[in-house]
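Peer 1: Hey, dropping model-v7.cif in here, mmCIF, C-alpha atoms and all ligand atoms:
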```
data_model
#
loop_
_atom_site.label_atom_id
_atom_site.label_comp_id
_atom_site.auth_asym_id
_atom_site.auth_seq_id
_atom_site.Cartn_x
_atom_site.Cartn_y
_atom_site.Cartn_z
CA MET A 1 0.00 0.00 0.00
CA LYS A 2 1.40 3.44 -0.95
CA LYS A 3 2.56 5.33 2.15
CA ILE A 4 1.70 9.04 2.19
CA LEU A 5 3.16 11.46 4.73
CA VAL A 6 0.44 13.89 5.87
CA THR A 7 1.91 16.84 7.75
CA GLY A 8 -0.67 18.67 9.84
CA GLY A 9 -2.66 15.45 9.57
CA LEU A 10 -4.62 16.03 12.80
CA GLY A 11 -5.80 19.46 11.64
CA PHE A 12 -9.08 20.39 9.98
CA ILE A 13 -8.24 19.68 6.34
CA GLY A 14 -5.48 17.20 7.18
CA SER A 15 -7.76 14.88 9.16
CA HIS A 16 -10.40 14.86 6.43
CA THR A 17 -7.70 14.07 3.88
CA VAL A 18 -6.44 11.15 6.02
CA VAL A 19 -9.94 9.65 5.75
CA GLU A 20 -10.10 10.08 1.97
CA LEU A 21 -6.58 8.64 1.55
CA VAL A 22 -7.61 5.46 3.37
CA GLN A 23 -10.82 5.25 1.34
CA ALA A 24 -8.66 5.49 -1.81
CA GLY A 25 -6.34 2.65 -0.68
CA TYR A 26 -3.39 4.68 0.59
CA GLU A 27 -1.65 4.35 3.98
CA PRO A 28 -1.40 7.79 5.65
CA VAL A 29 1.47 8.51 8.07
CA ILE A 30 0.45 11.50 10.20
CA ILE A 31 2.92 14.17 11.29
CA ASP A 32 1.65 16.88 13.62
CA ASP A 33 3.19 19.11 16.33
CA LEU A 34 -0.21 19.57 18.02
CA SER A 35 0.29 23.37 18.03
CA ASN A 36 -3.10 23.86 16.38
CA SER A 37 -4.78 20.46 16.69
CA HIS A 38 -5.91 17.91 19.28
CA VAL A 39 -4.36 14.47 19.73
CA SER A 40 -7.88 13.14 20.41
CA ILE A 41 -8.53 13.51 16.67
CA LEU A 42 -6.39 10.37 16.32
CA ASP A 43 -9.08 8.39 18.17
CA GLN A 44 -11.79 10.01 16.06
CA LEU A 45 -9.92 9.02 12.90
CA THR A 46 -9.50 5.48 14.23
CA ALA A 47 -13.28 5.26 14.65
CA ILE A 48 -13.80 6.36 11.04
CA ILE A 49 -11.09 4.39 9.22
CA GLY A 50 -11.14 1.29 11.44
CA TYR A 51 -7.51 1.29 12.55
CA LYS A 52 -5.12 3.64 14.38
CA PRO A 53 -2.97 5.43 11.79
CA VAL A 54 0.76 5.90 12.39
CA PHE A 55 1.33 9.27 14.12
CA HIS A 56 4.59 11.09 14.81
CA GLN A 57 4.41 14.19 17.04
CA LEU A 58 7.06 16.33 15.44
CA ASP A 59 8.03 19.98 14.96
CA LEU A 60 8.97 20.24 11.28
CA CYS A 61 11.09 23.31 12.12
CA ASP A 62 13.49 20.94 13.93
CA GLU A 63 15.80 19.93 11.08
CA ALA A 64 17.40 17.01 12.93
CA ALA A 65 13.98 15.61 13.83
CA VAL A 66 12.85 15.79 10.19
CA GLN A 67 16.07 14.13 8.99
CA ASN A 68 15.45 11.39 11.55
CA LEU A 69 11.87 11.01 10.30
CA ALA A 70 13.13 10.50 6.75
CA ALA A 71 15.59 7.91 8.02
CA THR A 72 12.80 5.93 9.68
CA GLU A 73 9.85 6.54 7.34
CA THR A 74 11.83 5.57 4.25
CA ASP A 75 9.19 4.07 1.93
CA ILE A 76 7.18 7.26 1.49
CA GLU A 77 5.73 7.63 -2.02
CA GLY A 78 3.87 10.89 -1.45
CA ILE A 79 3.81 13.88 0.88
CA ILE A 80 0.82 16.14 1.51
CA HIS A 81 2.06 19.21 3.35
CA PHE A 82 -0.66 20.98 5.37
CA ALA A 83 1.41 21.93 8.42
CA ALA A 84 1.58 25.72 8.59
CA PHE A 85 0.29 28.62 10.65
CA LYS A 86 -2.76 30.01 8.86
CA ALA A 87 -4.49 32.79 10.82
CA VAL A 88 -4.43 35.89 8.63
CA GLY A 89 -4.86 38.37 11.51
CA GLU A 90 -2.26 36.66 13.73
CA SER A 91 0.24 36.72 10.85
CA VAL A 92 -0.03 40.52 10.73
CA GLN A 93 0.70 40.68 14.48
CA PHE A 94 3.58 38.14 14.43
CA PRO A 95 5.03 38.04 10.88
CA LEU A 96 8.41 36.51 11.78
CA LYS A 97 6.66 33.66 13.62
CA TYR A 98 4.80 32.93 10.40
CA TYR A 99 7.80 33.23 8.08
CA ARG A 100 9.94 31.07 10.35
CA ASN A 101 7.38 28.33 10.86
CA ASN A 102 5.96 28.14 7.36
CA PHE A 103 9.31 28.27 5.58
CA TYR A 104 11.54 26.24 7.96
CA SER A 105 9.01 23.41 7.96
CA LEU A 106 8.68 23.34 4.17
CA ILE A 107 12.43 23.53 3.51
CA ASN A 108 13.29 20.88 6.11
CA LEU A 109 10.73 18.53 4.62
CA LEU A 110 11.85 19.05 1.02
CA ASN A 111 15.51 18.60 1.98
CA ALA A 112 14.81 15.44 3.98
CA TYR A 113 13.16 13.63 1.06
CA ALA A 114 15.18 15.25 -1.75
CA GLY A 115 16.48 12.87 -4.38
CA LYS A 116 13.70 10.39 -3.77
CA PRO A 117 10.85 9.95 -6.29
CA VAL A 118 8.23 11.51 -4.04
CA ASN A 119 4.97 13.12 -5.18
CA PHE A 120 4.50 16.35 -3.21
CA VAL A 121 1.17 18.12 -2.71
CA PHE A 122 1.41 21.65 -1.31
CA SER A 123 -1.44 23.32 0.56
CA SER A 124 -1.72 26.73 -1.07
CA SER A 125 -4.48 29.31 -1.02
CA CYS A 126 -6.65 31.61 -3.08
CA THR A 127 -5.18 34.39 -0.95
CA VAL A 128 -2.36 34.48 -3.54
CA TYR A 129 -4.82 36.16 -5.92
CA GLY A 130 -5.70 39.06 -3.63
CA GLN A 131 -8.63 40.88 -5.25
CA PRO A 132 -8.57 39.40 -8.79
CA ASP A 133 -9.06 41.72 -11.76
CA GLN A 134 -11.37 39.16 -13.36
CA LEU A 135 -13.80 36.67 -11.84
CA PRO A 136 -13.95 33.73 -11.72
CA VAL A 137 -10.19 33.72 -11.15
CA THR A 138 -8.06 31.28 -13.20
CA GLU A 139 -4.75 29.72 -12.19
CA ASP A 140 -2.87 31.92 -14.66
CA ALA A 141 -4.26 35.12 -13.16
CA PRO A 142 -1.53 37.47 -11.94
CA VAL A 143 -0.54 36.87 -8.34
CA LYS A 144 -1.24 40.10 -6.43
CA PRO A 145 0.82 41.53 -3.55
CA ALA A 146 -0.21 39.51 -0.52
CA GLN A 147 -2.65 41.17 1.89
CA SER A 148 -0.95 39.50 4.89
CA PRO A 149 2.26 37.73 5.88
CA TYR A 150 0.24 34.52 5.86
CA GLY A 151 -0.73 35.05 2.22
CA ASN A 152 2.87 36.01 1.47
CA THR A 153 4.14 32.71 2.89
CA LYS A 154 1.90 30.89 0.43
CA GLN A 155 3.05 33.01 -2.51
CA ILE A 156 6.74 32.64 -1.67
CA ALA A 157 6.37 28.92 -0.97
CA GLU A 158 4.91 28.41 -4.46
CA GLU A 159 7.90 30.30 -5.91
CA MET A 160 10.30 28.17 -3.83
CA LEU A 161 8.71 25.00 -5.19
CA GLN A 162 8.95 26.23 -8.78
CA ASP A 163 12.59 27.21 -8.31
CA MET A 164 13.32 23.80 -6.77
CA MET A 165 11.72 22.07 -9.76
CA ALA A 166 13.67 24.28 -12.20
CA SER A 167 16.89 23.07 -10.54
CA GLY A 168 16.18 19.51 -11.71
CA SER A 169 14.55 18.12 -8.58
CA LYS A 170 13.31 14.51 -8.66
CA TYR A 171 10.06 15.58 -7.00
CA LYS A 172 6.74 15.94 -8.79
CA VAL A 173 4.79 18.84 -7.22
CA ILE A 174 1.19 20.07 -7.28
CA SER A 175 0.05 23.18 -5.43
CA LEU A 176 -3.65 23.23 -4.57
CA ARG A 177 -5.05 26.75 -4.11
CA TYR A 178 -7.89 26.30 -1.63
CA PHE A 179 -10.81 28.67 -1.54
CA ASN A 180 -12.88 28.64 1.67
CA PRO A 181 -13.00 25.19 3.30
CA VAL A 182 -16.08 24.66 5.51
CA GLY A 183 -18.28 21.86 6.84
CA ALA A 184 -17.38 18.52 8.43
CA HIS A 185 -17.28 14.77 7.83
CA GLU A 186 -20.73 13.13 7.78
CA SER A 187 -19.81 11.12 10.91
CA ALA A 188 -19.51 14.39 12.92
CA LEU A 189 -16.38 12.80 14.44
CA ILE A 190 -13.99 15.30 12.81
CA GLY A 191 -14.42 18.95 11.85
CA GLU A 192 -13.09 22.44 12.35
CA LEU A 193 -11.71 23.07 15.87
CA PRO A 194 -10.83 26.76 16.10
CA ILE A 195 -8.76 27.64 19.18
CA GLY A 196 -10.28 30.61 21.02
CA VAL A 197 -12.59 33.03 19.22
CA PRO A 198 -13.12 31.78 15.64
CA GLN A 199 -11.69 34.07 12.96
CA ASN A 200 -13.59 32.34 10.15
CA LEU A 201 -17.25 32.86 9.32
CA VAL A 202 -18.72 29.36 9.51
CA PRO A 203 -17.35 28.28 12.90
CA PHE A 204 -18.47 31.65 14.26
CA ILE A 205 -21.96 30.94 12.88
CA THR A 206 -22.15 27.47 14.42
CA GLN A 207 -20.79 28.68 17.79
CA THR A 208 -23.43 31.45 17.77
CA ALA A 209 -26.16 28.94 16.91
CA ILE A 210 -25.08 26.65 19.78
CA GLY A 211 -25.03 29.60 22.21
CA LYS A 212 -21.26 29.96 22.70
CA ARG A 213 -21.30 33.40 20.99
CA GLU A 214 -23.96 36.06 21.35
CA LYS A 215 -24.27 37.06 17.70
CA VAL A 216 -22.59 36.98 14.31
CA THR A 217 -21.32 40.31 13.01
CA VAL A 218 -21.43 40.61 9.24
CA PHE A 219 -18.27 42.55 8.38
CA GLY A 220 -19.77 45.08 6.03
CA ASN A 221 -22.80 45.17 3.73
CA ASP A 222 -21.71 48.16 1.65
CA TYR A 223 -19.53 46.28 -0.83
CA ASN A 224 -20.18 46.39 -4.56
CA THR A 225 -21.83 42.95 -4.51
CA PRO A 226 -25.47 41.86 -5.09
CA ASP A 227 -26.43 42.06 -1.40
CA GLY A 228 -23.55 44.28 -0.22
CA SER A 229 -21.73 41.54 1.73
CA CYS A 230 -18.45 39.93 0.66
CA VAL A 231 -18.49 36.98 -1.73
CA ARG A 232 -16.34 33.86 -1.38
CA ASP A 233 -16.09 30.37 -2.91
CA TYR A 234 -17.05 28.07 -0.02
CA ILE A 235 -16.12 24.43 -0.53
CA HIS A 236 -17.00 21.39 1.58
CA VAL A 237 -13.88 20.11 3.34
CA VAL A 238 -14.62 16.55 2.15
CA ASP A 239 -14.59 17.70 -1.48
CA LEU A 240 -11.36 19.54 -0.74
CA ALA A 241 -9.85 16.40 0.82
CA LYS A 242 -10.74 14.36 -2.27
CA ALA A 243 -8.84 16.84 -4.43
CA HIS A 244 -5.62 15.73 -2.68
CA VAL A 245 -6.23 12.13 -3.69
CA ALA A 246 -6.83 13.33 -7.26
CA ALA A 247 -3.51 15.23 -7.14
CA LEU A 248 -1.62 12.08 -6.06
CA ARG A 249 -3.33 10.08 -8.81
CA LEU A 250 -2.33 12.65 -11.42
CA MET A 251 1.32 12.65 -10.31
CA GLU A 252 1.40 8.84 -10.40
CA GLN A 253 0.92 9.05 -14.16
CA ASP A 254 4.18 9.03 -16.18
CA SER A 255 2.70 11.78 -18.34
CA PHE A 256 2.84 14.19 -15.38
CA THR A 257 6.21 15.79 -14.82
CA GLY A 258 7.41 18.80 -12.86
CA TYR A 259 5.03 21.29 -11.26
CA ASP A 260 1.42 22.37 -11.65
CA VAL A 261 -1.18 24.38 -9.74
CA PHE A 262 -4.97 23.99 -9.43
CA ASN A 263 -7.89 25.99 -8.02
CA ILE A 264 -9.83 23.95 -5.48
CA GLY A 265 -13.24 25.55 -5.11
CA THR A 266 -16.77 25.08 -6.41
CA GLY A 267 -16.57 27.78 -9.09
CA LYS A 268 -19.51 29.53 -7.38
CA GLY A 269 -19.51 32.74 -5.37
CA THR A 270 -21.67 32.94 -2.24
CA SER A 271 -22.10 36.04 -0.05
CA VAL A 272 -21.92 36.20 3.74
CA LEU A 273 -25.65 36.92 3.94
CA GLU A 274 -26.36 33.98 1.60
CA ILE A 275 -24.31 31.71 3.87
CA ILE A 276 -26.37 32.87 6.85
CA THR A 277 -29.60 32.21 4.93
CA ALA A 278 -28.31 28.77 3.86
CA PHE A 279 -27.41 27.94 7.47
CA GLU A 280 -30.89 28.86 8.70
CA ARG A 281 -32.51 26.90 5.83
CA ALA A 282 -30.35 23.81 6.29
CA THR A 283 -30.59 23.64 10.09
CA GLY A 284 -33.90 25.34 10.93
CA VAL A 285 -31.95 27.42 13.46
CA LYS A 286 -32.59 31.18 13.45
CA LEU A 287 -29.30 33.04 13.64
CA ASN A 288 -28.74 36.23 15.65
CA TYR A 289 -26.63 38.51 13.44
CA VAL A 290 -25.94 42.20 13.02
CA ILE A 291 -24.28 44.25 10.31
CA GLY A 292 -20.94 45.73 11.44
CA PRO A 293 -18.01 47.59 9.91
CA ARG A 294 -15.80 46.10 7.22
CA ARG A 295 -12.83 43.95 8.35
CA ASP A 296 -9.36 45.20 7.31
CA GLY A 297 -7.74 43.04 4.67
CA ASP A 298 -10.94 41.50 3.32
CA VAL A 299 -11.14 41.25 -0.44
CA GLU A 300 -14.57 42.19 -1.78
CA GLN A 301 -15.24 39.09 -3.85
CA VAL A 302 -13.31 36.05 -5.04
CA TRP A 303 -14.36 32.74 -6.49
CA GLY A 304 -12.46 30.23 -8.59
CA ASP A 305 -12.57 29.08 -12.18
CA VAL A 306 -12.32 25.29 -11.70
CA THR A 307 -12.19 24.26 -15.38
CA LYS A 308 -8.55 23.17 -15.14
CA SER A 309 -9.24 21.08 -12.04
CA GLU A 310 -12.17 19.39 -13.80
CA GLN A 311 -10.31 18.73 -17.04
CA VAL A 312 -6.74 18.01 -15.88
CA LEU A 313 -7.05 17.01 -12.22
CA GLN A 314 -10.25 15.05 -13.06
CA TRP A 315 -11.85 16.39 -9.87
CA ARG A 316 -14.87 18.57 -9.10
CA ALA A 317 -16.72 19.58 -5.94
CA GLU A 318 -19.97 17.68 -5.45
CA LEU A 319 -21.43 18.91 -2.14
CA GLY A 320 -23.64 22.00 -1.97
CA VAL A 321 -23.82 24.85 0.51
CA ASP A 322 -26.73 23.33 2.46
CA THR A 323 -24.67 20.18 3.12
CA MET A 324 -21.74 22.38 4.13
CA MET A 325 -23.96 24.14 6.68
CA SER A 326 -25.80 21.07 7.99
CA SER A 327 -22.54 19.11 8.45
CA ALA A 328 -20.87 22.06 10.21
CA TRP A 329 -23.87 22.31 12.53
CA ALA A 330 -23.91 18.53 13.26
CA TRP A 331 -20.21 18.77 14.19
CA GLU A 332 -20.78 21.77 16.50
CA GLN A 333 -23.58 19.89 18.25
CA ALA A 334 -21.40 16.78 18.57
CA ILE A 335 -18.52 18.62 20.28
CA ALA A 336 -20.97 20.49 22.52
CA LYS A 337 -22.30 17.13 23.69
CA LYS A 338 -18.88 15.44 23.96
CA PRO A 339 -15.96 17.93 24.01
CA LEU A 340 -12.75 16.51 22.60
C1 LIG B 1 -15.19 34.89 4.99
C2 LIG B 1 -16.12 36.08 4.86
C3 LIG B 1 -15.48 38.00 6.16
C4 LIG B 1 -16.19 36.24 10.09
C5 LIG B 1 -10.12 32.25 4.71
C6 LIG B 1 -8.85 31.92 5.35
C7 LIG B 1 -7.72 32.02 4.38
C8 LIG B 1 -8.04 31.22 3.12
C9 LIG B 1 -9.37 31.58 2.55
C10 LIG B 1 -6.90 29.14 3.28
C11 LIG B 1 -15.37 37.41 4.77
C12 LIG B 1 -16.82 37.43 6.62
C13 LIG B 1 -16.06 36.43 8.72
C14 LIG B 1 -17.22 36.94 10.80
C15 LIG B 1 -17.93 37.94 8.74
N1 LIG B 1 -8.02 29.84 3.38
N2 LIG B 1 -16.92 37.26 8.08
N3 LIG B 1 -18.05 37.76 10.08
O1 LIG B 1 -11.16 35.74 5.14
O2 LIG B 1 -12.16 34.55 3.15
O3 LIG B 1 -10.16 33.61 4.33
O4 LIG B 1 -10.33 31.42 3.60
O5 LIG B 1 -5.84 29.49 2.96
O6 LIG B 1 -6.62 31.50 5.04
O7 LIG B 1 -8.67 32.85 6.39
O8 LIG B 1 -12.45 33.59 5.41
O9 LIG B 1 -14.19 32.86 7.00
O10 LIG B 1 -12.55 34.65 7.73
O11 LIG B 1 -14.28 35.21 6.05
O12 LIG B 1 -18.69 38.70 8.11
O13 LIG B 1 -17.38 36.82 12.02
O14 LIG B 1 -16.92 36.16 6.02
O15 LIG B 1 -15.52 39.42 6.14
O16 LIG B 1 -16.06 38.24 3.88
P1 LIG B 1 -11.51 34.47 4.46
P2 LIG B 1 -13.35 34.05 6.65
#
```
Output the structure of this file as structure tokens.
Ligand code: WQD
Peer 2:
Amino acid sequence: MKKILVTGGLGFIGSHTVVELVQAGYEPVIIDDLSNSHVSILDQLTAIIGYKPVFHQLDLCDEAAVQNLAATETDIEGIIHFAAFKAVGESVQFPLKYYRNNFYSLINLLNAYAGKPVNFVFSSSCTVYGQPDQLPVTEDAPVKPAQSPYGNTKQIAEEMLQDMMASGSKYKVISLRYFNPVGAHESALIGELPIGVPQNLVPFITQTAIGKREKVTVFGNDYNTPDGSCVRDYIHVVDLAKAHVAALRLMEQDSFTGYDVFNIGTGKGTSVLEIITAFERATGVKLNYVIGPRRDGDVEQVWGDVTKSEQVLQWRAELGVDTMMSSAWAWEQAIAKKPL
């Protein structure tokens, strides 16, 4: 069975990808430093996949530890690299923490497995586009100056990977530019676990609905959009996880060489107010929300052109916004009943 290293494998997207890897016949090896995840997710994953996956608690910024990992986990055929700090606001407050962590971890990992025929999937982001000039945004759209150090780490990481490939690296590499991952696995055993006050919209909605937060504040309704609130491309995390399996499959083909990048979204824009309406429709729960001021750094509207992912990656999102909302709500209720 093909062994795939999954860094950040106990995190939100990482854990959902571990499930899809097993469903697809791969053997995931989880690496996580538990800085932004819970070790109890390992038990949740065991309940879903039917066995306890191999887990190494490891700080990827520790070069010796990563070299040691490569010396012990030698038969790795693929790497999916999620492990990174990813809070946009925090990255503005502590930029060097973000540059150190996100670059040291990537470079240590690439060095440790260099020279081996490994297929490498990089977790990138639609934040590289900033506010696109044209919508839906395609992969060949100009990368805009990052709006945050977090976004900059994704942009620079993509450049690092391209430079590495240009130097004749044995790796095959695919960068997946995620839009807005939301929702949870149908088992409600894994999902998004924000630490502290959620920065992202959907966990804030579900925590408000469960009574942990008083109300949702819509950050601005005076944008140049149909209902005045910002528009994003929300994608179910399970669809997003399946895109990583598709990326491995593509790189396993001899015809694939070098580096490529794909938009991982639904190709559909949905506004904040439409998400709130969808949540209420899908769950029957009335949401307490108010309109507040705009949030610094927000782009007005972004959604992806997913033609290339459909035609080349042979992948497309299948789950709709109501399923995103109902699964997020089921997960919130599950952790309220039985905290992890
Ligand atoms: C979505 C919309 C807010 C909270 C995220 C990640 C980023 C990248 C893309 C991976 C915005 C509005 C939010 C709230 C609100 N993912 N909002 N009230 O900013 O699009 O970026 O997905 O790389 O890393 O941060 O997501 O969920 O924070 O905001 O009105 O309480 O919801 O203004 O328009 P964002 P978000």
Peer 1: Please identify all polymer residues within 10 Å of Ile13 (chain A), counting all atoms listed in the file, omitting same-chain residues fewer than 3 positions from it, and present them as an NGL selection string.
Peer 2: :A and (8-10 or 16-18 or 82 or 123 or 181-182 or 184 or 190-192 or 237-238 or 240-241)
Peer 1: To check your reading of the model: which residues sit at most 7 Å from ligand LIG 1 (chain B) when counting all atoms listed in the file? Write the answer as a list in words.
Peer 2: Lys86, Ala87, Val88, Ser124, Ser125, Cys126, Thr127, Tyr178, Phe179, Asn180, Pro181, Gln199, Asn200, Leu201, Val202, Phe204, Val216, Thr217, Val218, Phe219, Gly220, Ser229, Cys230, Val231, Arg232, Val272, Arg294, Arg295 and Asp298 of chain A
Peer 1: Hey, what's within 9 Å of region 107-109 of chain A if we count only C-alpha atoms and toss same-chain stuff fewer than 5 positions away? As a list in words, please?
Peer 2: Leu60, Cys61, Asp62, Glu63, Ala64, Val66, Gln67, Ala70, His81, Asn102, Ala114 and Met160 of chain A
Peer 1: Quick one: of A:Pro28, A:Gly168, A:Pro203, A:Pro117, who's nearest to Trp329 (chain A), counting all atoms listed in the file?
Peer 2: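 Of A:Pro28, A:Gly168, A:Pro203, A:Pro117, the one nearest Trp329 (chain A) is A:Pro203, counting all atoms listed in the file.
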Peer 1: Kindly give the distance, in Å, that separates CA of Tyr51 (chain A) and CA of Leu319 (chain A), rounded to a single decimal.
Peer 2: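 Atom-to-atom, CA of Tyr51 (chain A) to CA of Leu319 (chain A), that is 26.8 Å.
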Peer 1: For Thr46 (chain A), work out the shell of residues within 12 Å, counting all atoms listed in the file and skipping chain neighbours fewer than 4 positions away, then give it as a PDB file with C-alpha atoms, in the coordinates of the input.
Peer 2:
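Generated file (out28.pdb):
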```pdb
ATOM      1  CA  LEU A  10      -4.620  16.030  12.800  1.00  0.00           C
ATOM      2  CA  SER A  15      -7.760  14.880   9.160  1.00  0.00           C
ATOM      3  CA  VAL A  18      -6.440  11.150   6.020  1.00  0.00           C
ATOM      4  CA  VAL A  19      -9.940   9.650   5.750  1.00  0.00           C
ATOM      5  CA  VAL A  22      -7.610   5.460   3.370  1.00  0.00           C
ATOM      6  CA  VAL A  39      -4.360  14.470  19.730  1.00  0.00           C
ATOM      7  CA  SER A  40      -7.880  13.140  20.410  1.00  0.00           C
ATOM      8  CA  ILE A  41      -8.530  13.510  16.670  1.00  0.00           C
ATOM      9  CA  LEU A  42      -6.390  10.370  16.320  1.00  0.00           C
ATOM     10  CA  GLY A  50     -11.140   1.290  11.440  1.00  0.00           C
ATOM     11  CA  TYR A  51      -7.510   1.290  12.550  1.00  0.00           C
ATOM     12  CA  LYS A  52      -5.120   3.640  14.380  1.00  0.00           C
ATOM     13  CA  PRO A  53      -2.970   5.430  11.790  1.00  0.00           C
ATOM     14  CA  VAL A  54       0.760   5.900  12.390  1.00  0.00           C
ATOM     15  CA  PHE A  55       1.330   9.270  14.120  1.00  0.00           C
ATOM     16  CA  LEU A 189     -16.380  12.800  14.440  1.00  0.00           C
ATOM     17  CA  ILE A 190     -13.990  15.300  12.810  1.00  0.00           C
TER      18      ILE A 190
END
```
Peer 1: Between A:Leu34, A:Ala65, A:Ile49, A:Val299, which residue has the minimum interatomic distance to Tyr223 (chain A), considering all atoms listed in the file?
Peer 2: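 Result for the nearest residue to Tyr223 (chain A): A:Val299.
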Peer 1: List the spatial neighbours of Gln207 (chain A) as a list in words - criterion: any atom at most 9 Å away, all atoms listed in the file, same-chain residues fewer than 5 positions off excluded.
Peer 2: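 The contact residues come out as Pro198, Val202, Lys212, Arg213, Glu214, Trp329 and Glu332 of chain A.
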Peer 1: Would you kindly identify which residues have an atom no farther than 9 Å from (-13.9, 37.7, -3.9), using all atoms listed in the file and the file's own coordinates, and write them out as a list in words?
Peer 2: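 Checking each residue against the 9 Å limit leaves Gly130, Gln131, Pro132, Leu135, Pro136, Cys230, Val231, Arg232, Asp233, Gly269, Asp298, Val299, Glu300, Gln301, Val302, Trp303 and Gly304 of chain A.
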Peer 1: Between CA of Met165 (chain A) and CA of Asn119 (chain A), what is the distance in Å, rounded to a tenth?
Peer 2: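 Rounded to one decimal, the two atoms are 12.1 Å apart.
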Peer 1: Ranking A:Ser175, A:Gln155, A:Ser169, A:Thr206 by minimum distance to Ile79 (chain A) and counting only C-alpha atoms, which one comes first?
Peer 2: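 With only C-alpha atoms as the atom set, the closest residue is A:Ser175.
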Peer 1: Any idea what's packed within 9 Å of Ser148 (chain A), counting all atoms listed in the file, ignoring anything in its chain fewer than 6 positions away? Could you give it as a ChimeraX atom specification?
Peer 2: /A:88-89,91-92,95,127,297
Peer 1: Hey, which of A:Leu248, A:Asp75, A:Ile174, A:Ile48 ends up closest to Gln23 (chain A)? Count all atoms listed in the file.
Peer 2: A:Ile48
Peer 1: Can you work out the spacing between CA of Ala282 (chain A) and CA of Ala246 (chain A) in Å, to one decimal?
Peer 2: 29.1 Å
Peer 1: Calculated over only C-alpha atoms, which of the candidates A:Thr138, A:Asn224, A:Thr208, A:Asn288 has the smallest distance to Gly265 (chain A)?
Peer 2: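 Residue with the minimum atom-to-atom distance to Gly265 (chain A): A:Thr138.
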Peer 1: Identify which of the residues A:Ala188, A:Lys97, A:Phe120, A:Ala24 lies closest to Leu45 (chain A), counting all atoms listed in the file when measuring atom-to-atom distances.
Peer 2: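 Looking at the shortest contact to Leu45 (chain A), the residue is A:Ala188.
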Peer 1: Can you patch up region 190-194 of chain A, filling it in to all heavy atoms, and show the result as a tab-separated table (two decimals), in the frame of the given file?
Peer 2:
```
chain	number	residue	atom	x	y	z
A	190	ILE	N	-15.08	14.34	13.08
A	190	ILE	CA	-13.99	15.30	12.81
A	190	ILE	C	-14.61	16.54	12.18
A	190	ILE	O	-15.67	16.47	11.56
A	190	ILE	CB	-12.89	14.72	11.89
A	190	ILE	CG1	-13.48	14.17	10.59
A	190	ILE	CG2	-12.05	13.68	12.61
A	190	ILE	CD1	-12.44	13.67	9.59
A	191	GLY	N	-13.93	17.67	12.39
A	191	GLY	CA	-14.42	18.95	11.85
A	191	GLY	C	-13.47	20.05	12.23
A	191	GLY	O	-12.34	19.78	12.68
A	192	GLU	N	-13.94	21.28	12.08
A	192	GLU	CA	-13.09	22.44	12.35
A	192	GLU	C	-13.05	22.69	13.86
A	192	GLU	O	-14.09	22.71	14.51
A	192	GLU	CB	-13.65	23.66	11.62
A	192	GLU	CG	-12.71	24.80	11.46
A	192	GLU	CD	-13.17	25.82	10.40
A	192	GLU	OE1	-14.27	25.67	9.83
A	192	GLU	OE2	-12.42	26.78	10.17
A	193	LEU	N	-11.85	22.86	14.42
A	193	LEU	CA	-11.71	23.07	15.87
A	193	LEU	C	-10.94	24.36	16.12
A	193	LEU	O	-9.76	24.33	16.49
A	193	LEU	CB	-10.96	21.90	16.48
A	193	LEU	CG	-11.77	20.72	17.00
A	193	LEU	CD1	-10.82	19.61	17.48
A	193	LEU	CD2	-12.70	21.12	18.12
A	194	PRO	N	-11.57	25.51	15.90
A	194	PRO	CA	-10.83	26.76	16.10
A	194	PRO	C	-10.41	26.90	17.57
A	194	PRO	O	-11.16	26.50	18.46
A	194	PRO	CB	-11.81	27.85	15.71
A	194	PRO	CG	-13.14	27.21	15.57
A	194	PRO	CD	-12.98	25.75	15.57
```
